[in-house]
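work.txt follows (compact mmCIF, C-alpha atoms (C1' of nucleotides)):
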```txt
# COMPACT_ATOMS: atom_id res chain seq x y z
CA MET D 77 -3.68 28.02 5.24
CA GLU D 78 -0.62 26.14 4.13
CA THR D 79 -1.49 22.97 6.00
CA GLY D 80 -4.83 22.91 4.23
CA ILE D 81 -2.99 22.68 0.92
CA ALA D 82 -0.77 19.93 2.27
CA ASN D 83 -3.90 18.08 3.29
CA LEU D 84 -5.38 18.42 -0.19
CA LEU D 85 -2.18 17.13 -1.78
CA GLY D 86 -2.22 14.21 0.64
CA ALA D 87 -5.80 13.37 -0.26
CA LEU D 88 -5.14 13.60 -3.99
CA SER D 89 -2.00 11.49 -3.69
CA LEU D 90 -3.96 8.81 -1.88
CA ALA D 91 -6.65 8.82 -4.57
CA VAL D 92 -4.02 8.64 -7.29
CA MET D 93 -2.16 5.74 -5.69
CA ASP D 94 -5.39 3.85 -4.94
CA ARG D 95 -6.24 3.92 -8.62
CA ILE D 96 -2.72 3.07 -9.77
CA GLU D 97 -2.48 0.09 -7.44
CA GLN D 98 -5.89 -1.21 -8.36
CA GLY D 99 -4.96 -1.06 -12.04
CA ALA D 100 -1.61 -2.73 -11.43
CA ARG D 101 -3.28 -5.59 -9.59
CA GLU D 102 -5.66 -6.08 -12.49
CA VAL D 103 -2.81 -6.10 -15.00
CA ILE D 104 -0.28 -8.40 -13.32
CA GLY D 105 -2.23 -9.82 -10.38
CA ARG D 106 0.41 -8.70 -7.90
CA GLY D 107 0.68 -5.91 -5.38
CA GLY D 108 3.25 -4.33 -3.11
CA GLU D 109 6.49 -3.43 -4.84
CA THR D 110 6.12 -6.07 -7.54
CA PRO D 111 4.77 -3.74 -10.25
CA ALA D 112 7.50 -1.22 -9.46
CA ALA D 113 10.11 -3.96 -9.76
CA LEU D 114 8.89 -4.82 -13.23
CA VAL D 115 9.14 -1.18 -14.30
CA VAL D 116 12.58 -0.73 -12.76
CA ILE D 117 13.99 -3.91 -14.28
CA GLY D 118 12.79 -2.61 -17.62
CA TYR D 119 14.71 0.65 -17.32
CA GLY D 120 18.19 -0.75 -17.77
CA GLN D 121 19.36 -4.10 -19.01
CA GLY D 122 21.29 -5.92 -16.36
CA MET D 123 19.62 -4.68 -13.17
CA THR D 124 21.00 -6.54 -10.18
CA ASN D 125 19.16 -7.83 -7.15
CA ASP D 126 20.97 -5.43 -4.87
CA LYS D 127 20.36 -2.29 -6.94
CA LEU D 128 16.71 -3.27 -7.15
CA ARG D 129 16.58 -3.73 -3.39
CA ARG D 130 17.88 -0.22 -2.77
CA ILE D 131 15.53 1.40 -5.28
CA LEU D 132 12.45 -0.38 -3.93
CA GLY D 133 13.44 0.13 -0.30
CA LEU D 134 12.97 -3.55 0.55
CA SER D 135 15.05 -5.97 2.57
CA HIS D 136 17.44 -8.25 0.75
CA SER D 137 15.36 -11.38 1.25
CA GLY D 138 12.19 -9.57 0.33
CA THR D 139 13.78 -8.62 -2.98
CA VAL D 140 14.95 -12.17 -3.66
CA ARG D 141 11.43 -13.48 -3.12
CA LEU D 142 9.96 -10.68 -5.21
CA VAL D 143 12.21 -11.69 -8.11
CA ASP D 144 11.24 -15.32 -7.45
CA ARG D 145 7.63 -14.33 -8.03
CA LEU D 146 8.44 -12.44 -11.22
CA VAL D 147 10.43 -15.41 -12.48
CA SER D 148 7.69 -17.90 -11.65
CA ASP D 149 5.25 -15.62 -13.47
CA ARG D 150 7.57 -15.81 -16.51
CA LEU D 151 7.99 -12.03 -16.56
CA VAL D 152 11.68 -11.88 -15.64
CA GLU D 153 14.77 -14.03 -16.21
CA ARG D 154 17.82 -14.34 -13.98
CA ARG D 155 21.03 -14.42 -15.98
CA PRO D 156 24.62 -14.47 -14.82
CA GLY D 157 25.92 -10.96 -14.18
CA LYS D 158 29.25 -9.43 -15.15
CA ASP D 159 30.56 -10.05 -11.69
CA GLY D 160 30.41 -13.68 -10.62
CA ARG D 161 28.42 -12.68 -7.56
CA GLU D 162 25.82 -10.60 -9.33
CA ILE D 163 22.82 -11.71 -11.28
CA ALA D 164 21.44 -9.75 -14.19
CA LEU D 165 17.67 -9.37 -14.39
CA TYR D 166 16.04 -9.25 -17.79
CA LEU D 167 12.44 -8.94 -18.86
CA THR D 168 11.01 -11.73 -20.96
CA ALA D 169 8.87 -10.80 -23.94
CA THR D 170 5.83 -11.38 -21.75
CA GLY D 171 7.40 -9.25 -19.04
CA ALA D 172 8.06 -6.37 -21.41
CA ALA D 173 4.46 -6.48 -22.60
CA ALA D 174 3.15 -6.59 -19.02
CA ARG D 175 5.38 -3.66 -18.15
CA ASN D 176 3.89 -1.61 -20.99
CA ASP D 177 0.36 -2.50 -19.89
CA LEU D 178 1.27 -1.56 -16.35
CA MET D 179 2.54 1.87 -17.31
CA ALA D 180 -0.39 2.51 -19.62
CA SER D 181 -2.79 1.57 -16.83
CA ARG D 182 -0.98 3.93 -14.48
CA LEU D 183 -1.18 6.89 -16.87
CA SER D 184 -4.82 6.18 -17.55
CA ALA D 185 -5.56 6.06 -13.82
CA VAL D 186 -3.94 9.42 -13.21
CA ALA D 187 -5.53 10.93 -16.30
CA SER D 188 -9.00 9.90 -15.12
CA LEU D 189 -8.55 12.20 -12.13
CA LEU D 190 -6.72 14.89 -14.05
CA ASP D 191 -9.07 15.31 -16.99
CA VAL D 192 -11.51 17.51 -15.11
CA LEU D 193 -9.06 20.37 -15.54
CA SER D 194 -9.02 22.56 -18.62
CA PRO D 195 -5.94 22.44 -20.87
CA ALA D 196 -4.79 25.76 -19.41
CA GLU D 197 -5.24 24.58 -15.85
CA THR D 198 -3.49 21.32 -16.63
CA LYS D 199 -0.56 23.20 -18.06
CA ARG D 200 -0.34 25.41 -14.98
CA LEU D 201 -0.44 22.34 -12.76
CA GLY D 202 2.26 20.72 -14.87
CA THR D 203 4.51 23.73 -14.44
CA LEU D 204 4.06 23.68 -10.68
CA LEU D 205 4.61 19.91 -10.44
CA HIS D 206 7.75 20.26 -12.53
CA GLU D 207 9.11 22.98 -10.28
CA LEU D 208 8.14 21.11 -7.12
CA LEU D 209 10.02 18.01 -8.23
CA ALA D 210 12.97 19.92 -9.70
CA ARG D 211 13.66 21.62 -6.38
CA GLN D 212 13.72 18.49 -4.26
CA ASP D 213 17.07 17.56 -2.78
CA THR D 214 17.39 14.05 -4.15
CA SER D 215 20.29 11.68 -4.56
CA GLU D 216 20.54 9.50 -7.64
CA LEU D 217 19.05 6.66 -5.60
CA ASP D 218 16.17 8.88 -4.39
CA ARG D 219 15.46 9.71 -7.99
CA PHE D 220 15.17 6.06 -8.97
CA THR D 221 12.96 5.43 -5.96
CA ILE D 222 10.56 8.25 -6.76
CA CYS D 223 10.59 7.28 -10.44
CA ARG D 224 10.21 3.56 -9.78
CA ARG D 225 6.87 3.43 -11.52
CA CYS D 226 7.43 6.19 -14.07
CA ASP D 227 6.70 5.72 -17.73
CA ASP D 228 9.96 6.24 -19.61
CA ARG D 229 8.03 6.44 -22.87
CA VAL D 230 6.48 9.76 -21.86
CA CYS D 231 8.89 11.10 -19.23
CA THR D 232 11.57 12.73 -21.30
CA ASN D 233 13.79 15.06 -19.25
CA CYS D 234 12.87 14.07 -15.71
CA PRO D 235 12.89 17.20 -13.51
CA LEU D 236 14.41 15.48 -10.49
CA PRO D 237 17.99 16.48 -9.69
CA THR D 238 20.52 13.75 -9.01
CA ASN D 239 23.26 15.55 -7.20
CA LYS D 240 22.53 15.32 -3.50
CA GLY D 241 25.72 14.68 -1.59
CA LYS D 242 27.85 15.26 -4.64
CA ARG D 243 28.65 18.85 -3.78
CA ASP D 244 31.46 20.10 -1.51
CA ARG D 245 33.92 17.40 -2.43
CA MET N 275 2.33 16.68 -23.41
CA GLU N 276 -0.63 15.84 -21.23
CA THR N 277 0.60 12.34 -20.42
CA GLY N 278 3.87 13.84 -19.23
CA ILE N 279 1.94 15.81 -16.63
CA ALA N 280 0.03 12.70 -15.59
CA ASN N 281 3.37 10.97 -15.15
CA LEU N 282 4.66 13.77 -12.94
CA LEU N 283 1.55 13.67 -10.79
CA GLY N 284 1.94 9.91 -10.50
CA ALA N 285 5.55 10.28 -9.40
CA LEU N 286 4.73 12.97 -6.86
CA SER N 287 1.82 10.97 -5.49
CA LEU N 288 4.09 7.99 -5.00
CA ALA N 289 6.66 10.12 -3.18
CA VAL N 290 3.95 11.65 -1.00
CA MET N 291 2.45 8.29 -0.06
CA ASP N 292 5.86 6.73 0.59
CA ARG N 293 6.56 9.42 3.16
CA ILE N 294 3.09 9.29 4.70
CA GLU N 295 3.22 5.52 5.10
CA GLN N 296 6.70 5.56 6.54
CA GLY N 297 5.63 8.13 9.10
CA ALA N 298 2.47 6.21 9.97
CA ARG N 299 4.47 3.06 10.58
CA GLU N 300 6.78 4.94 12.90
CA VAL N 301 3.84 6.40 14.83
CA ILE N 302 1.61 3.35 15.31
CA GLY N 303 3.80 0.50 14.12
CA ARG N 304 1.17 -0.67 11.65
CA GLY N 305 0.75 -0.45 7.91
CA GLY N 306 -1.88 -1.16 5.28
CA GLU N 307 -5.27 0.36 6.02
CA THR N 308 -4.74 0.37 9.79
CA PRO N 309 -3.74 4.05 10.07
CA ALA N 310 -6.67 5.04 7.85
CA ALA N 311 -9.02 3.05 10.08
CA LEU N 312 -7.84 4.96 13.11
CA VAL N 313 -8.48 8.26 11.37
CA VAL N 314 -11.90 7.20 10.08
CA ILE N 315 -13.04 5.86 13.44
CA GLY N 316 -12.09 9.22 14.91
CA TYR N 317 -14.32 11.15 12.48
CA GLY N 318 -17.65 10.14 13.94
CA GLN N 319 -18.53 8.47 17.19
CA GLY N 320 -20.19 5.17 16.61
CA MET N 321 -18.53 3.99 13.41
CA THR N 322 -19.62 0.44 12.58
CA ASN N 323 -17.54 -2.40 11.24
CA ASP N 324 -19.49 -2.44 8.00
CA LYS N 325 -19.25 1.29 7.28
CA LEU N 326 -15.55 1.09 7.97
CA ARG N 327 -15.24 -1.83 5.58
CA ARG N 328 -16.83 0.13 2.76
CA ILE N 329 -14.74 3.24 3.36
CA LEU N 330 -11.45 1.33 3.50
CA GLY N 331 -12.33 -0.93 0.56
CA LEU N 332 -11.49 -4.07 2.50
CA SER N 333 -13.25 -7.41 2.80
CA HIS N 334 -15.48 -8.00 5.76
CA SER N 335 -13.11 -10.40 7.50
CA GLY N 336 -10.14 -8.16 6.80
CA THR N 337 -11.95 -5.35 8.58
CA VAL N 338 -12.81 -7.51 11.58
CA ARG N 339 -9.15 -8.48 11.95
CA LEU N 340 -8.04 -4.89 11.46
CA VAL N 341 -10.30 -3.83 14.33
CA ASP N 342 -8.94 -6.77 16.34
CA ARG N 343 -5.46 -5.30 15.92
CA LEU N 344 -6.59 -1.82 16.94
CA VAL N 345 -8.34 -3.27 20.00
CA SER N 346 -5.34 -5.36 21.01
CA ASP N 347 -3.19 -2.23 20.62
CA ARG N 348 -5.59 -0.47 23.04
CA LEU N 349 -6.39 2.22 20.47
CA VAL N 350 -10.04 1.33 19.86
CA GLU N 351 -12.91 -0.11 21.87
CA ARG N 352 -15.85 -2.18 20.63
CA ARG N 353 -19.11 -1.17 22.25
CA PRO N 354 -22.63 -2.36 21.60
CA GLY N 355 -24.25 -0.45 18.74
CA LYS N 356 -27.73 1.01 18.50
CA ASP N 357 -28.84 -1.95 16.48
CA GLY N 358 -28.32 -5.25 18.24
CA ARG N 359 -26.31 -6.46 15.26
CA GLU N 360 -23.98 -3.51 15.00
CA ILE N 361 -20.97 -2.66 17.07
CA ALA N 362 -19.89 0.91 17.73
CA LEU N 363 -16.19 1.66 17.46
CA TYR N 364 -14.71 4.28 19.75
CA LEU N 365 -11.19 5.59 20.15
CA THR N 366 -9.59 5.18 23.53
CA ALA N 367 -7.67 8.14 24.94
CA THR N 368 -4.49 6.49 23.64
CA GLY N 369 -6.16 6.00 20.30
CA ALA N 370 -7.18 9.63 20.01
CA ALA N 371 -3.63 10.71 20.80
CA ALA N 372 -2.19 8.28 18.26
CA ARG N 373 -4.65 9.57 15.69
CA ASN N 374 -3.48 13.13 16.25
CA ASP N 375 0.15 12.07 15.94
CA LEU N 376 -0.70 10.19 12.78
CA MET N 377 -2.32 13.18 11.13
CA ALA N 378 0.45 15.52 12.22
CA SER N 379 3.04 13.14 10.80
CA ARG N 380 1.11 13.02 7.53
CA LEU N 381 0.93 16.79 7.18
CA SER N 382 4.59 17.11 8.02
CA ALA N 383 5.48 14.49 5.41
CA VAL N 384 3.56 16.32 2.69
CA ALA N 385 4.90 19.69 3.79
CA SER N 386 8.48 18.46 3.53
CA LEU N 387 7.95 17.96 -0.19
CA LEU N 388 5.80 21.04 -0.61
CA ASP N 389 7.98 23.62 1.11
CA VAL N 390 10.29 24.10 -1.88
CA LEU N 391 7.56 26.19 -3.46
CA SER N 392 7.20 29.90 -2.77
CA PRO N 393 4.06 31.08 -0.97
CA ALA N 394 2.65 32.34 -4.26
CA GLU N 395 3.35 29.06 -6.01
CA THR N 396 1.88 27.11 -3.10
CA LYS N 397 -1.27 29.18 -3.29
CA ARG N 398 -1.57 28.57 -7.02
CA LEU N 399 -1.09 24.86 -6.48
CA GLY N 400 -3.71 24.93 -3.74
CA THR N 401 -6.22 26.56 -6.06
CA LEU N 402 -5.62 23.94 -8.74
CA LEU N 403 -5.82 21.05 -6.26
CA HIS N 404 -9.05 22.45 -4.89
CA GLU N 405 -10.57 22.68 -8.35
CA LEU N 406 -9.31 19.26 -9.34
CA LEU N 407 -10.94 17.65 -6.32
CA ALA N 408 -14.10 19.74 -6.49
CA ARG N 409 -14.82 18.56 -10.03
CA GLN N 410 -14.51 14.85 -9.36
CA ASP N 411 -17.69 12.84 -9.64
CA THR N 412 -17.73 11.26 -6.22
CA SER N 413 -20.42 9.61 -4.14
CA GLU N 414 -20.58 10.16 -0.42
CA LEU N 415 -18.75 6.87 0.04
CA ASP N 416 -16.06 7.88 -2.47
CA ARG N 417 -15.56 11.04 -0.50
CA PHE N 418 -14.98 9.15 2.73
CA THR N 419 -12.59 6.81 0.94
CA ILE N 420 -10.51 9.62 -0.54
CA CYS N 421 -10.59 11.49 2.76
CA ARG N 422 -9.83 8.42 4.86
CA ARG N 423 -6.56 9.85 6.07
CA CYS N 424 -7.47 13.54 6.00
CA ASP N 425 -6.85 15.82 8.93
CA ASP N 426 -10.21 17.18 10.03
CA ARG N 427 -8.42 19.77 12.15
CA VAL N 428 -7.16 21.59 9.05
CA CYS N 429 -9.59 20.47 6.33
CA THR N 430 -12.47 22.82 6.78
CA ASN N 431 -14.82 22.86 3.76
CA CYS N 432 -13.68 19.76 1.89
CA PRO N 433 -13.91 20.45 -1.86
CA LEU N 434 -15.14 16.98 -2.77
CA PRO N 435 -18.78 16.80 -3.90
CA THR N 436 -21.01 14.12 -2.42
CA ASN N 437 -23.83 13.88 -4.88
CA LYS N 438 -22.92 11.20 -7.38
CA GLY N 439 -25.92 9.04 -8.12
CA LYS N 440 -28.28 11.40 -6.37
CA ARG N 441 -29.35 13.20 -9.52
CA ASP N 442 -32.10 12.13 -11.95
CA ARG N 443 -34.39 10.76 -9.33
C1' DC W 155 47.23 -14.99 0.65
C1' DC W 156 43.56 -14.37 3.58
C1' DA W 157 40.22 -11.32 6.02
C1' DA W 158 36.69 -8.10 4.87
C1' DA W 159 33.41 -6.61 1.68
C1' DT W 160 29.94 -7.65 -1.65
C1' DA W 161 26.06 -10.25 -3.64
C1' DT W 162 22.82 -13.86 -3.64
C1' DG W 163 19.98 -17.56 -1.66
C1' DT W 164 17.23 -20.03 2.33
C1' DG W 165 14.62 -21.23 6.84
C1' DC W 166 11.41 -19.31 9.51
C1' DG W 167 8.15 -16.20 11.22
C1' DT W 168 4.76 -12.17 10.93
C1' DA W 169 1.36 -8.64 9.16
C1' DG W 170 -2.33 -7.87 6.39
C1' DC W 171 -5.67 -9.53 3.72
C1' DG W 172 -9.60 -12.55 1.15
C1' DC W 173 -12.85 -16.57 0.70
C1' DA W 174 -16.14 -19.48 2.58
C1' DC W 175 -18.80 -20.47 6.34
C1' DA W 176 -21.24 -19.78 10.87
C1' DT W 177 -24.05 -17.01 13.95
C1' DA W 178 -27.05 -13.32 15.69
C1' DT W 179 -30.37 -9.71 14.90
C1' DT W 180 -33.64 -7.07 12.23
C1' DT W 181 -36.89 -6.26 8.47
C1' DG W 182 -40.64 -7.14 5.43
C1' DG W 183 -44.22 -9.63 3.38
C1' DT W 184 -48.25 -12.54 4.17
C1' DA L 20 -47.72 -13.49 14.56
C1' DC L 21 -44.66 -15.90 11.68
C1' DC L 22 -40.80 -16.92 8.83
C1' DA L 23 -37.68 -16.01 4.88
C1' DA L 24 -34.51 -12.57 3.38
C1' DA L 25 -31.49 -9.00 4.54
C1' DT L 26 -28.04 -7.10 7.54
C1' DA L 27 -24.02 -7.24 10.65
C1' DT L 28 -20.48 -9.52 13.00
C1' DG L 29 -17.20 -13.24 14.03
C1' DT L 30 -14.11 -17.52 12.71
C1' DG L 31 -11.24 -21.25 10.18
C1' DC L 32 -8.10 -21.42 6.79
C1' DG L 33 -4.98 -20.07 3.38
C1' DC L 34 -2.18 -16.78 0.69
C1' DT L 35 0.85 -12.75 -0.54
C1' DA L 36 4.33 -9.76 0.69
C1' DC L 37 7.60 -8.90 3.63
C1' DG L 38 11.74 -8.88 7.43
C1' DC L 39 15.36 -11.16 10.38
C1' DA L 40 19.00 -14.27 10.93
C1' DC L 41 21.91 -17.29 8.79
C1' DA L 42 24.47 -19.67 4.98
C1' DT L 43 27.11 -19.55 0.72
C1' DA L 44 29.83 -17.83 -3.20
C1' DT L 45 32.75 -14.39 -5.26
C1' DT L 46 35.67 -10.34 -5.29
C1' DT L 47 38.68 -6.85 -3.26
C1' DG L 48 42.42 -4.98 -0.60
C1' DG L 49 46.19 -4.86 2.47
```

Kindly present the structure from the file in structure tokens form.
Amino acid sequence: METGIANLLGALSLAVMDRIEQGAREVIGRGGETPAALVVIGYGQGMTNDKLRRILGLSHSGTVRLVDRLVSDRLVERRPGKDGREIALYLTATGAAARNDLMASRLSAVASLLDVLSPAETKRLGTLLHELLARQDTSELDRFTICRRCDDRVCTNCPLPTNKGKRDR
Amino acid sequence: METGIANLLGALSLAVMDRIEQGAREVIGRGGETPAALVVIGYGQGMTNDKLRRILGLSHSGTVRLVDRLVSDRLVERRPGKDGREIALYLTATGAAARNDLMASRLSAVASLLDVLSPAETKRLGTLLHELLARQDTSELDRFTICRRCDDRVCTNCPLPTNKGKRDR
DNA sequence: CCAAATATGTGCGTAGCGCACATATTTGGT
DNA sequence: ACCAAATATGTGCGCTACGCACATATTTGG
């Protein structure tokens, strides 16, 4: 039955996220969207508060307070942005190191569930996951949201498309 | 690369859980472990506070307050347990209906990501997911934790083993 | 040039959770 | 039969993470 497979994917996803979040809390002592924020800020230099808000799916004030926490933890710095209204978020050296630890912890958590499969099975699963993600109808923002905890050191050529809403114009 | 596949599974799991949690919040207006508690209480009649605590991975007081919320929402009732110390948690009629809505919303959320695959691909993915889960080294408690949001209407023969720590004795 | 749009920050409140402590019941050893 | 330890629940208090409403500063566009 198809719903049975959906149920299995739901169960596995829960197990995966449980382990990722537990690891993240051990690494930076924060939960919620805070670890994701650290990863996202590390993607591009000059992330703004507002872009971060949209990617994380938080309210504006929630994002401001999240950045407050990262700043008070000495992981992120607020600098003046190009536009006089914007701020530019930058990782400190400590923040960059924490971000690496965070992503390593995440990969290790997923691998601990994944390593029961043989290399051939893992490869088959990888192919299916790649196709599944590649066929999603995602905007550029959706892509950042889904990838908000992804490890850019290992995720070369992300399968997610970024052209939703860009056709027919 | 193997870590690339772990990264993809991490990304998909995040997307799956985002959608499940959003749906759960729309259905019962609660987040965190509250939806899982409703599902778990519905599994067996007479769930105790302490068993629930272990399955959800919460503190004792957190569980008491969680049940307080479910009771004040008229979804759950506290009844005297077999043991004079225990309480027995039961779903109200409203609670049982909310639980069904919750599980349907979850399956629909997963299916919305899954339905880009062909039937053959879905079946292959199902086989791999089944194997992946079946080979985990899980205790009976681990199994309940991983399955704490599973739909018992569609998950006949759960692949997860329940014999960790029961060998060598 | 000024209203609307954009971007950030703040006061205040809530949900969800943990720690430490209190209370009630049961179990087990003597 | 007794009493200490174990088991199970409830409570006071505080914290983290978040949203809503409002305030402020800068830029854009007609």

Legend entry - Selection near range 81-92 of chain D, 7 Å with only C-alpha atoms (C1' of nucleotides), sequence-local residues under 3 positions removed, as a PyMOL selection string: (chain D and resi 77-78+95-96+186) or (chain N and resi 284+287+290-291+381+384-385+400+403+420-421+424-425+429)

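Between C1' of DC166 in chain W and CA of Leu128 in chain D lies a distance of 23.7 Å.
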
Legend entry - Selection: 10 Å around range 22-28 of chain L, only C-alpha atoms (C1' of nucleotides), excl. self and same-chain fewer than 2 positions, as a ChimeraX atom specification: /N:322-324,334-335,338,357-361 /W:177-184 /L:20

Inset, instruction - Mind giving me the straight-line distance from CA of Thr401 in chain N to CA of Phe220 in chain D in Å, one decimal? - result: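 Computed distance, CA of Thr401 in chain N to CA of Phe220 in chain D, equals 29.8 Å.
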
Inset, instruction - With a cut-off of 10 Å and counting all atoms listed in the file, select all residues of chain L in contact with chain D and give the selection as number ranges by chain. - result: L: 35-39, 44-46

Legend entry - Expected answer as number ranges by chain: all residues with atoms within 10 Å of (3.6, 14.3, 8.8), all atoms listed in the file: D: 82; N: 293-298, 301, 375-386

Legend entry - Between CA of Gly316 in chain N and C1' of DT30 in chain L - distance in Å to one decimal: 26.9 Å

Inset, instruction - Residues of chain W near chain D: apply a cut-off of 10 Å, count all atoms listed in the file, and supply the list as a list of chain:residue names. - result: W:DT160, W:DA161, W:DT162, W:DG163, W:DT164

Legend entry - Who sits within 9 Å of Gly122 in chain D, only C-alpha atoms (C1' of nucleotides), same chain under 3 positions skipped, as a list in words: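 In the requested form, the answer reads Ile117, Arg155, Gly157, Lys158, Ile163, Ala164, Leu165 and Tyr166 of chain D.
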
Legend entry - Contacts of range 206-214 of chain D within 8 Å, only C-alpha atoms (C1' of nucleotides), excl. fewer than 4 positions in-chain, as a list in words: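 Near range 206-214 of chain D, the qualifying residues are Gly202, Asp218, Arg219, Pro235, Leu236, Pro237, Thr238, Asn239 and Lys240 of chain D; Leu282, Leu286, Leu387, Leu388, Val390 and Leu391 of chain N.
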
Inset, instruction - Point out the residue among N:Ala372, N:Val341, N:Ile302, N:Ala310 with the least atom-to-atom distance to chain D, counting all atoms listed in the file. - result: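 Looking only at the distances to chain D, the closest residue turns out to be N:Ala310.
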
Legend entry - Best match for closeness to DC171 in chain W among N:Gly331, N:Pro309, N:Gly278, N:Pro393, counting only C-alpha atoms (C1' of nucleotides):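 When distances to DC171 in chain W are compared using only C-alpha atoms (C1' of nucleotides), the smallest one comes from N:Gly331.
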